[in-house]
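> Got a structure for you, protein_6.json, holding JSON, C-alpha atoms.
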```json
[["chain", "number", "residue", "atom", "x", "y", "z"],
["A", 1, "MET", "CA", -26.81, 29.54, 19.79],
["A", 2, "VAL", "CA", -30.24, 28.50, 18.50],
["A", 3, "ASN", "CA", -29.46, 29.85, 15.06],
["A", 4, "SER", "CA", -26.15, 27.96, 14.98],
["A", 5, "LEU", "CA", -27.86, 24.72, 15.97],
["A", 6, "ALA", "CA", -30.53, 25.26, 13.35],
["A", 7, "PHE", "CA", -27.84, 25.77, 10.71],
["A", 8, "VAL", "CA", -26.03, 22.56, 11.71],
["A", 9, "LEU", "CA", -29.27, 20.58, 11.61],
["A", 10, "ALA", "CA", -30.17, 22.04, 8.23],
["A", 11, "VAL", "CA", -26.81, 21.00, 6.80],
["A", 12, "ALA", "CA", -27.10, 17.52, 8.35],
["A", 13, "VAL", "CA", -30.46, 16.81, 6.72],
["A", 14, "ALA", "CA", -29.80, 18.61, 3.45],
["A", 15, "VAL", "CA", -30.22, 16.48, 0.34],
["A", 16, "LEU", "CA", -27.62, 16.86, -2.37],
["A", 17, "PRO", "CA", -28.96, 17.47, -5.87],
["A", 18, "GLY", "CA", -29.32, 14.09, -7.58],
["A", 19, "GLU", "CA", -28.73, 12.10, -4.38],
["A", 20, "SER", "CA", -31.66, 9.76, -4.98],
["A", 21, "ASP", "CA", -30.69, 9.08, -8.58],
["A", 22, "TYR", "CA", -27.07, 8.49, -7.54],
["A", 23, "ALA", "CA", -28.22, 5.83, -5.09],
["A", 24, "LYS", "CA", -30.30, 4.23, -7.86],
["A", 25, "GLY", "CA", -27.25, 4.22, -10.09],
["A", 26, "ARG", "CA", -25.12, 2.50, -7.46],
["A", 27, "ARG", "CA", -27.75, -0.18, -6.88],
["A", 28, "ALA", "CA", -28.12, -0.82, -10.60],
["A", 29, "GLU", "CA", -24.35, -0.91, -11.08],
["A", 30, "ASN", "CA", -23.94, -3.43, -8.25],
["A", 31, "LEU", "CA", -26.56, -5.61, -9.98],
["A", 32, "THR", "CA", -24.64, -5.27, -13.31],
["A", 33, "ARG", "CA", -27.58, -3.43, -14.89],
["A", 34, "TYR", "CA", -25.20, -1.02, -16.55],
["A", 35, "GLY", "CA", -27.73, 0.59, -18.89],
["A", 36, "ASP", "CA", -29.99, 1.51, -15.96],
["A", 37, "ALA", "CA", -27.01, 2.71, -13.95],
["A", 38, "TYR", "CA", -25.79, 4.87, -16.83],
["A", 39, "ALA", "CA", -29.20, 6.53, -17.16],
["A", 40, "ALA", "CA", -29.40, 7.22, -13.41],
["A", 41, "TYR", "CA", -25.92, 8.75, -13.30],
["A", 42, "GLN", "CA", -26.65, 10.91, -16.32],
["A", 43, "ALA", "CA", -29.77, 12.16, -14.50],
["A", 44, "VAL", "CA", -27.56, 13.14, -11.55],
["A", 45, "ALA", "CA", -25.10, 14.96, -13.81],
["A", 46, "ALA", "CA", -27.94, 16.90, -15.46],
["A", 47, "GLN", "CA", -28.89, 18.36, -12.06],
["A", 48, "GLY", "CA", -25.43, 19.79, -11.37],
["A", 49, "GLY", "CA", -24.20, 20.15, -7.81],
["A", 50, "ALA", "CA", -21.55, 18.35, -5.78],
["A", 51, "LEU", "CA", -22.33, 14.89, -7.17],
["A", 52, "GLN", "CA", -22.15, 15.87, -10.83],
["A", 53, "GLY", "CA", -18.51, 15.00, -11.44],
["A", 54, "TYR", "CA", -18.65, 11.73, -9.53],
["A", 55, "ALA", "CA", -21.77, 10.76, -11.48],
["A", 56, "LEU", "CA", -20.02, 11.49, -14.78],
["A", 57, "VAL", "CA", -17.16, 9.19, -13.76],
["A", 58, "ARG", "CA", -19.47, 6.35, -12.78],
["A", 59, "ALA", "CA", -21.56, 6.81, -15.92],
["A", 60, "ALA", "CA", -18.47, 6.49, -18.11],
["A", 61, "VAL", "CA", -17.33, 3.37, -16.28],
["A", 62, "CYS", "CA", -20.79, 1.81, -16.67],
["A", 63, "ARG", "CA", -20.72, 2.61, -20.36],
["A", 64, "THR", "CA", -17.49, 0.62, -20.76],
["A", 65, "MET", "CA", -18.84, -2.23, -18.63],
["A", 66, "GLY", "CA", -21.90, -2.30, -20.83],
["A", 67, "GLY", "CA", -19.73, -2.95, -23.88],
["A", 68, "ASP", "CA", -18.97, 0.51, -25.26],
["A", 69, "MET", "CA", -15.31, 0.80, -24.34],
["A", 70, "GLY", "CA", -14.56, 3.58, -26.81],
["A", 71, "GLY", "CA", -17.49, 5.70, -25.69],
["A", 72, "GLY", "CA", -16.67, 5.30, -22.00],
["A", 73, "LEU", "CA", -13.00, 6.16, -22.51],
["A", 74, "ALA", "CA", -13.98, 9.24, -24.49],
["A", 75, "GLU", "CA", -16.28, 10.39, -21.68],
["A", 76, "LEU", "CA", -13.56, 9.97, -19.06],
["A", 77, "GLU", "CA", -10.98, 11.76, -21.20],
["A", 78, "GLY", "CA", -13.44, 14.59, -21.76],
["A", 79, "ALA", "CA", -14.21, 14.86, -18.04],
["A", 80, "VAL", "CA", -10.51, 15.07, -17.14],
["A", 81, "ALA", "CA", -9.78, 17.61, -19.88],
["A", 82, "SER", "CA", -12.71, 19.88, -18.97],
["A", 83, "SER", "CA", -12.22, 19.74, -15.17],
["A", 84, "PRO", "CA", -8.55, 19.10, -14.41],
["A", 85, "ARG", "CA", -8.61, 20.42, -10.83],
["A", 86, "GLU", "CA", -11.86, 19.17, -9.34],
["A", 87, "PRO", "CA", -11.84, 16.88, -6.26],
["A", 88, "TRP", "CA", -13.21, 14.03, -8.38],
["A", 89, "THR", "CA", -10.71, 14.42, -11.23],
["A", 90, "VAL", "CA", -8.20, 12.03, -9.64],
["A", 91, "LEU", "CA", -10.92, 9.35, -9.63],
["A", 92, "ALA", "CA", -11.66, 9.99, -13.29],
["A", 93, "GLN", "CA", -7.95, 9.65, -14.07],
["A", 94, "TYR", "CA", -7.74, 6.47, -12.02],
["A", 95, "GLU", "CA", -10.70, 4.84, -13.78],
["A", 96, "LEU", "CA", -9.31, 5.92, -17.14],
["A", 97, "GLY", "CA", -5.91, 4.45, -16.25],
["A", 98, "ILE", "CA", -7.41, 1.15, -15.07],
["A", 99, "LEU", "CA", -9.45, 0.78, -18.25],
["A", 100, "LEU", "CA", -6.41, 1.50, -20.43],
["A", 101, "ALA", "CA", -4.30, -0.94, -18.42],
["A", 102, "ARG", "CA", -6.91, -3.65, -18.92],
["A", 103, "GLU", "CA", -6.50, -3.05, -22.63],
["A", 104, "ASN", "CA", -2.71, -3.51, -22.23],
["A", 105, "GLN", "CA", -2.09, 0.15, -23.03],
["A", 106, "LEU", "CA", 0.25, 0.65, -20.07],
["A", 107, "GLU", "CA", 2.13, 3.59, -21.55],
["A", 108, "LEU", "CA", -1.14, 5.53, -21.79],
["A", 109, "ALA", "CA", -2.44, 4.17, -18.49],
["A", 110, "ALA", "CA", 0.54, 5.13, -16.32],
["A", 111, "PRO", "CA", 0.16, 8.96, -16.41],
["A", 112, "ASN", "CA", -3.46, 8.55, -15.37],
["A", 113, "LEU", "CA", -2.68, 6.13, -12.52],
["A", 114, "LEU", "CA", 0.15, 8.13, -10.96],
["A", 115, "PRO", "CA", -1.95, 11.03, -9.55],
["A", 116, "ILE", "CA", -3.72, 8.77, -7.06],
["A", 117, "PHE", "CA", -0.40, 8.32, -5.21],
["A", 118, "ALA", "CA", 0.01, 12.10, -4.88],
["A", 119, "ASN", "CA", -3.38, 12.30, -3.15],
["A", 120, "ARG", "CA", -2.51, 11.78, 0.52],
["A", 121, "SER", "CA", -6.02, 11.00, 1.75],
["A", 122, "ARG", "CA", -6.14, 7.89, 3.96],
["A", 123, "LEU", "CA", -9.65, 6.84, 2.95],
["A", 124, "TRP", "CA", -9.69, 3.04, 2.90],
["A", 125, "TRP", "CA", -11.15, 2.80, -0.58],
["A", 126, "LEU", "CA", -8.43, 5.08, -1.94],
["A", 127, "GLU", "CA", -5.86, 2.69, -0.48],
["A", 128, "THR", "CA", -7.59, -0.10, -2.40],
["A", 129, "HIS", "CA", -7.38, 1.99, -5.58],
["A", 130, "ARG", "CA", -3.67, 2.70, -4.97],
["A", 131, "TRP", "CA", -2.91, -1.00, -4.53],
["A", 132, "ARG", "CA", -4.70, -1.84, -7.78],
["A", 133, "ALA", "CA", -2.91, 0.96, -9.62],
["A", 134, "ALA", "CA", 0.46, -0.15, -8.24],
["A", 135, "ASP", "CA", -0.11, -3.70, -9.48],
["A", 136, "TYR", "CA", -0.45, -2.33, -13.00],
["A", 137, "LEU", "CA", 2.41, 0.17, -12.69],
["A", 138, "ILE", "CA", 4.87, -2.59, -11.78],
["A", 139, "GLU", "CA", 4.50, -3.73, -15.39],
["A", 140, "ALA", "CA", 4.68, -0.22, -16.90],
["A", 141, "PRO", "CA", 8.15, 0.58, -18.32],
["A", 142, "GLY", "CA", 9.66, 3.55, -16.50],
["A", 143, "HIS", "CA", 6.91, 3.80, -13.89],
["A", 144, "SER", "CA", 7.52, 0.84, -11.58],
["A", 145, "ALA", "CA", 9.34, 3.00, -9.01],
["A", 146, "ALA", "CA", 6.05, 4.58, -7.91],
["A", 147, "ALA", "CA", 4.55, 1.13, -7.39],
["A", 148, "PHE", "CA", 7.50, -0.13, -5.36],
["A", 149, "ASP", "CA", 7.47, 3.05, -3.25],
["A", 150, "PHE", "CA", 3.84, 2.34, -2.45],
["A", 151, "PHE", "CA", 4.50, -1.26, -1.46],
["A", 152, "ARG", "CA", 7.46, -0.20, 0.71],
["A", 153, "GLY", "CA", 5.07, 2.08, 2.54],
["A", 154, "VAL", "CA", 2.61, -0.76, 3.05],
["A", 155, "VAL", "CA", 5.31, -3.07, 4.43],
["A", 156, "GLY", "CA", 6.42, -0.38, 6.87],
["A", 157, "SER", "CA", 3.03, 0.80, 8.06],
["A", 158, "THR", "CA", 0.29, -1.82, 7.86],
["A", 159, "ILE", "CA", -0.81, -3.71, 10.96],
["A", 160, "TYR", "CA", -2.19, -6.57, 8.85],
["A", 161, "ARG", "CA", 0.12, -9.55, 8.40],
["A", 162, "VAL", "CA", -1.42, -10.81, 5.14],
["A", 163, "MET", "CA", -1.31, -7.35, 3.56],
["A", 164, "ARG", "CA", 2.32, -6.89, 4.63],
["A", 165, "ARG", "CA", 3.25, -10.26, 3.15],
["A", 166, "ASP", "CA", 1.46, -9.50, -0.13],
["A", 167, "ALA", "CA", 3.33, -6.19, -0.40],
["A", 168, "ALA", "CA", 6.63, -7.97, 0.34],
["A", 169, "ILE", "CA", 5.93, -10.46, -2.46],
["A", 170, "ARG", "CA", 5.64, -7.53, -4.87],
["A", 171, "LEU", "CA", 8.78, -5.81, -3.56],
["A", 172, "ASP", "CA", 10.71, -9.00, -4.25],
["A", 173, "ARG", "CA", 10.09, -8.36, -7.96],
["A", 174, "SER", "CA", 12.13, -5.14, -7.83],
["A", 175, "GLU", "CA", 15.66, -4.92, -9.18],
["A", 176, "SER", "CA", 16.57, -2.62, -6.29],
["A", 177, "VAL", "CA", 18.49, -4.25, -3.44],
["A", 178, "ASP", "CA", 16.87, -1.81, -0.99],
["A", 179, "ASP", "CA", 13.40, -2.87, -2.13],
["A", 180, "ARG", "CA", 14.25, -6.54, -1.78],
["A", 181, "LEU", "CA", 15.76, -5.99, 1.66],
["A", 182, "GLU", "CA", 12.49, -4.30, 2.62],
["A", 183, "ALA", "CA", 10.75, -7.41, 1.31],
["A", 184, "VAL", "CA", 12.87, -9.53, 3.67],
["A", 185, "ALA", "CA", 11.89, -7.27, 6.57],
["A", 186, "GLY", "CA", 8.24, -7.62, 5.54],
["A", 187, "PHE", "CA", 8.45, -11.41, 5.41],
["A", 188, "LEU", "CA", 10.14, -11.49, 8.82],
["A", 189, "ARG", "CA", 7.45, -9.33, 10.42],
["A", 190, "SER", "CA", 4.83, -11.55, 8.76],
["A", 191, "ARG", "CA", 6.56, -14.64, 10.20],
["A", 192, "ASP", "CA", 7.18, -16.08, 6.77],
["A", 193, "HIS", "CA", 10.72, -17.22, 7.53],
["A", 194, "ARG", "CA", 11.04, -19.42, 4.48],
["A", 195, "GLU", "CA", 10.45, -16.55, 2.04],
["A", 196, "ALA", "CA", 12.65, -14.22, 4.09],
["A", 197, "ALA", "CA", 15.50, -16.75, 3.88],
["A", 198, "ARG", "CA", 14.99, -17.29, 0.16],
["A", 199, "VAL", "CA", 15.13, -13.58, -0.73],
["A", 200, "LEU", "CA", 18.01, -12.95, 1.65],
["A", 201, "ARG", "CA", 20.08, -15.75, 0.11],
["A", 202, "GLY", "CA", 19.61, -14.22, -3.32],
["A", 203, "ILE", "CA", 20.71, -10.80, -2.10],
["A", 204, "ALA", "CA", 23.72, -12.12, -0.16],
["A", 205, "LYS", "CA", 24.98, -13.94, -3.26],
["A", 206, "GLY", "CA", 25.12, -10.66, -5.15],
["A", 207, "ASP", "CA", 27.90, -8.09, -5.16],
["A", 208, "LEU", "CA", 26.91, -5.66, -2.40],
["A", 209, "GLU", "CA", 28.96, -2.53, -3.03],
["A", 210, "ASP", "CA", 26.95, -0.35, -0.65],
["A", 211, "PRO", "CA", 28.19, -0.77, 2.96],
["A", 212, "ALA", "CA", 24.73, 0.14, 4.28],
["A", 213, "ALA", "CA", 23.19, -2.72, 2.27],
["A", 214, "SER", "CA", 25.79, -5.16, 3.64],
["A", 215, "GLU", "CA", 25.05, -3.98, 7.18],
["A", 216, "ARG", "CA", 21.33, -4.42, 6.70],
["A", 217, "VAL", "CA", 21.90, -7.91, 5.30],
["A", 218, "ALA", "CA", 23.77, -8.71, 8.52],
["A", 219, "LEU", "CA", 20.96, -7.27, 10.64],
["A", 220, "LEU", "CA", 18.27, -9.22, 8.81],
["A", 221, "SER", "CA", 20.39, -12.39, 8.81],
["A", 222, "GLY", "CA", 20.77, -12.21, 12.58],
["A", 223, "ARG", "CA", 17.09, -11.51, 13.10],
["A", 224, "LEU", "CA", 16.17, -14.40, 10.81],
["A", 225, "LEU", "CA", 18.39, -16.84, 12.72],
["A", 226, "ILE", "CA", 16.77, -15.75, 15.98],
["A", 227, "ALA", "CA", 13.28, -16.10, 14.46],
["A", 228, "GLN", "CA", 14.20, -19.63, 13.34],
["A", 229, "GLY", "CA", 15.13, -20.53, 16.91],
["A", 230, "ARG", "CA", 18.89, -20.30, 16.46],
["A", 231, "GLN", "CA", 19.24, -17.70, 19.18],
["A", 232, "SER", "CA", 22.98, -17.93, 19.88],
["A", 233, "ALA", "CA", 23.93, -17.92, 16.20],
["A", 234, "GLY", "CA", 21.68, -14.93, 15.55],
["A", 235, "ARG", "CA", 23.09, -12.93, 18.47],
["A", 236, "LYS", "CA", 26.61, -13.71, 17.27],
["A", 237, "VAL", "CA", 25.88, -12.26, 13.81],
["A", 238, "LEU", "CA", 24.33, -9.16, 15.36],
["A", 239, "ALA", "CA", 27.20, -8.71, 17.79],
["A", 240, "GLU", "CA", 29.70, -8.89, 14.92],
["A", 241, "LEU", "CA", 27.72, -6.17, 13.09],
["A", 242, "VAL", "CA", 27.78, -3.87, 16.14],
["A", 243, "GLN", "CA", 31.44, -4.55, 16.78],
["A", 244, "ALA", "CA", 32.50, -3.96, 13.18],
["A", 245, "SER", "CA", 30.26, -0.95, 12.55],
["A", 246, "PRO", "CA", 29.23, 0.69, 15.84],
["A", 247, "ALA", "CA", 28.19, 3.87, 14.02],
["A", 248, "SER", "CA", 25.97, 2.00, 11.56],
["A", 249, "PRO", "CA", 22.34, 3.17, 11.44],
["A", 250, "PHE", "CA", 21.45, -0.51, 11.91],
["A", 251, "ALA", "CA", 23.52, -0.96, 15.09],
["A", 252, "PRO", "CA", 20.71, 0.18, 17.45],
["A", 253, "SER", "CA", 18.28, -2.29, 15.86],
["A", 254, "ALA", "CA", 20.89, -5.03, 16.18],
["A", 255, "LEU", "CA", 21.39, -4.25, 19.87],
["A", 256, "LEU", "CA", 17.63, -4.26, 20.45],
["A", 257, "ALA", "CA", 17.25, -7.63, 18.70],
["A", 258, "MET", "CA", 20.10, -9.03, 20.79],
["A", 259, "ALA", "CA", 18.50, -7.79, 24.00],
["A", 260, "ARG", "CA", 15.13, -9.28, 23.13],
["A", 261, "SER", "CA", 16.73, -12.60, 22.26],
["A", 262, "SER", "CA", 18.66, -12.64, 25.51],
["A", 263, "LEU", "CA", 15.51, -11.91, 27.50],
["A", 264, "ARG", "CA", 13.73, -14.81, 25.81],
["A", 265, "ALA", "CA", 16.61, -17.11, 26.67],
["A", 266, "PHE", "CA", 16.71, -15.99, 30.31],
["A", 267, "SER", "CA", 15.48, -18.52, 32.86],
["A", 268, "PRO", "CA", 15.32, -17.62, 36.59],
["A", 269, "ALA", "CA", 15.88, -21.29, 37.43],
["A", 270, "ARG", "CA", 19.14, -21.37, 35.45],
["A", 271, "HIS", "CA", 20.39, -17.81, 35.88],
["A", 272, "GLY", "CA", 18.79, -16.69, 39.14],
["A", 273, "ALA", "CA", 21.97, -17.26, 41.14],
["A", 274, "PHE", "CA", 23.56, -14.31, 39.36],
["A", 275, "LEU", "CA", 20.77, -11.89, 40.32],
["A", 276, "PRO", "CA", 19.68, -10.33, 43.64],
["A", 277, "SER", "CA", 17.09, -12.50, 45.38],
["A", 278, "ARG", "CA", 14.42, -9.79, 45.16],
["A", 279, "TRP", "CA", 14.56, -10.09, 41.32],
["A", 280, "THR", "CA", 13.86, -13.83, 41.33],
["A", 281, "ASN", "CA", 11.51, -14.32, 44.28]]
```
Could you spell out this file's structure in structure tokens?

Amino acid sequence: MVNSLAFVLAVAVAVLPGESDYAKGRRAENLTRYGDAYAAYQAVAAQGGALQGYALVRAAVCRTMGGDMGGGLAELEGAVASSPREPWTVLAQYELGILLARENQLELAAPNLLPIFANRSRLWWLETHRWRAADYLIEAPGHSAAAFDFFRGVVGSTIYRVMRRDAAIRLDRSESVDDRLEAVAGFLRSRDHREAARVLRGIAKGDLEDPAASERVALLSGRLLIAQGRQSAGRKVLAELVQASPASPFAPSALLAMARSSLRAFSPARHGAFLPSRWTN
């Protein structure tokens, strides 16, 4: 037991090779002293160890920020080529992709940006990187699907209203009806009824050949009417959906929305006579 505790304590206080220089590099980088940061990161890399690869990535980025774009890109390309399977390689690819995208070389940038979406880590800063990569990939011919998939995930999972709305704005740029319907759902959940109505009108005017898409339009239309305060009209649209397509995958959501709307409209003073007294007293 004592030996185990001693081992844990030793690991907890262990200093990684180059840790001090890495911290110096980060401070210098944050102060835009890119030459000093580059030197500190190179000192870390020279010591080897767990921080070596991460230091090489930061050094290359600082080199580009200091004005040597060609040299920094070459360092990143060399790091990826020499260590294709290291934990830090995806970060090197990401930084390389971002730099190329800034230079409007989206065709070259895209293959380097895509790996960050395959990495399933939920670290908050990786989510920030994914968002930034997706913003560039939307503009990359043949690679926008990965970006829209990411933003669909954000709309469906985030608890933050502003983030959900921002993702919905990006989904509205998609040519896919499913993506734009997801944008409507995102606007509704963000309480941006005006944008939800605008996108929904554009979709409804189109030729919806897919029955599932038509059913989801009906679901979202009913929910939007309810959200706008037109409770009876919204429940009518939802009831028509359930009646016409009881086996639709959207029928349960329609029934739930109808129930919630009815509960909001319920008033014991107006409807209490129809209920047992113990429910209203």
> I need the residue nearest A:Val44 from this list: A:Glu75, A:Asp68, A:Glu19, A:Glu127. Use only C-alpha atoms for the distance.
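Once distances to A:Val44 are computed over only C-alpha atoms, the minimum belongs to A:Glu19.
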> Need to verify the contact set: A:Gly153, 12 Å, all atoms listed in the file, exclusion of same-chain residues closer than 4 positions in sequence. Can you return it as a PyMOL selection string?
chain A and resi 117+127+130-131+134+146-149+157-159+163-164+167-168+171+179+182-183+186
> Here is a test: counting only C-alpha atoms, which residue of A:Ala50, A:Val15, A:Leu256, A:Leu137 is nearest to A:Asn104?
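Of A:Ala50, A:Val15, A:Leu256, A:Leu137, the one nearest A:Asn104 is A:Leu137, counting only C-alpha atoms.
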> Identify, on the basis of only C-alpha atoms, every residue whose closest approach to A:Ala197 does not exceed 12 Å; exclude the query and any residue fewer than 5 positions from it along the same chain; express the result as a VMD selection string.
chain A and resid 180 to 181 183 to 188 191 to 192 202 to 204 217 220 to 225 227 to 228
> So, counting only C-alpha atoms, which residue among A:Ala254, A:Ala259, A:Ala244, A:Cys62 is closest to A:Leu31?
A:Cys62
> For A:Pro111, which of A:Leu96, A:Val61, A:Ala28, A:Val177 is the closest residue, counting only C-alpha atoms?
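Ranked by minimum distance to A:Pro111, first place goes to A:Leu96.
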> Record the distance separating atom CA of A:Leu16 and atom CA of A:Ser83, expressed in Å with one decimal.
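Here the two named atoms are 20.2 Å from each other.
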> Around stretch 48-52 of chain A, with edges along x, y and z and 5 Å added on all six sides, what centre and edge lengths do you get, in Å to one decimal, as lines of an AutoDock Vina configuration file?

```
center_x = -23.5
center_y = 17.5
center_z = -8.6
size_x = 13.9
size_y = 15.3
size_z = 15.6
```
> Take atom CA of A:Arg165 and atom CA of A:Lys236 and report the distance between them in Å, one decimal.
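About the pair atom CA of A:Arg165 and atom CA of A:Lys236: they are 27.5 Å apart.
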> Could you tell me how far atom CA of A:Gly70 lies from atom CA of A:Leu106, in Å and to one decimal?
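A separation of 16.5 Å between them.
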> Tell me, as a list in words, which residues lie within 8 Å of A:Val90, counting only C-alpha atoms; anything in the same chain fewer than 4 positions away does not count.
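Residues meeting the cut-off are Tyr94, Pro115 and Ile116 of chain A.
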> Let me make sure I understand: among A:Met69, A:Pro17, A:Ser262, A:Lys24, which one has the smallest atom-to-atom distance to A:Gln52 if we use only C-alpha atoms?
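Result for the nearest residue to A:Gln52: A:Pro17.
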> Compare A:Leu56, A:Leu219, A:Leu76, A:Ala247 by their minimum atom-to-atom distance to A:Ala40, counting all atoms listed in the file, and give me the closest one.
A:Leu56
> Pick out the residues sitting within 7 Å of A:Phe250, and hand them over as a ChimeraX atom specification; count all atoms listed in the file, and ignore anything fewer than 2 positions along from it in its own chain.
/A:215-216,219,248,252-254
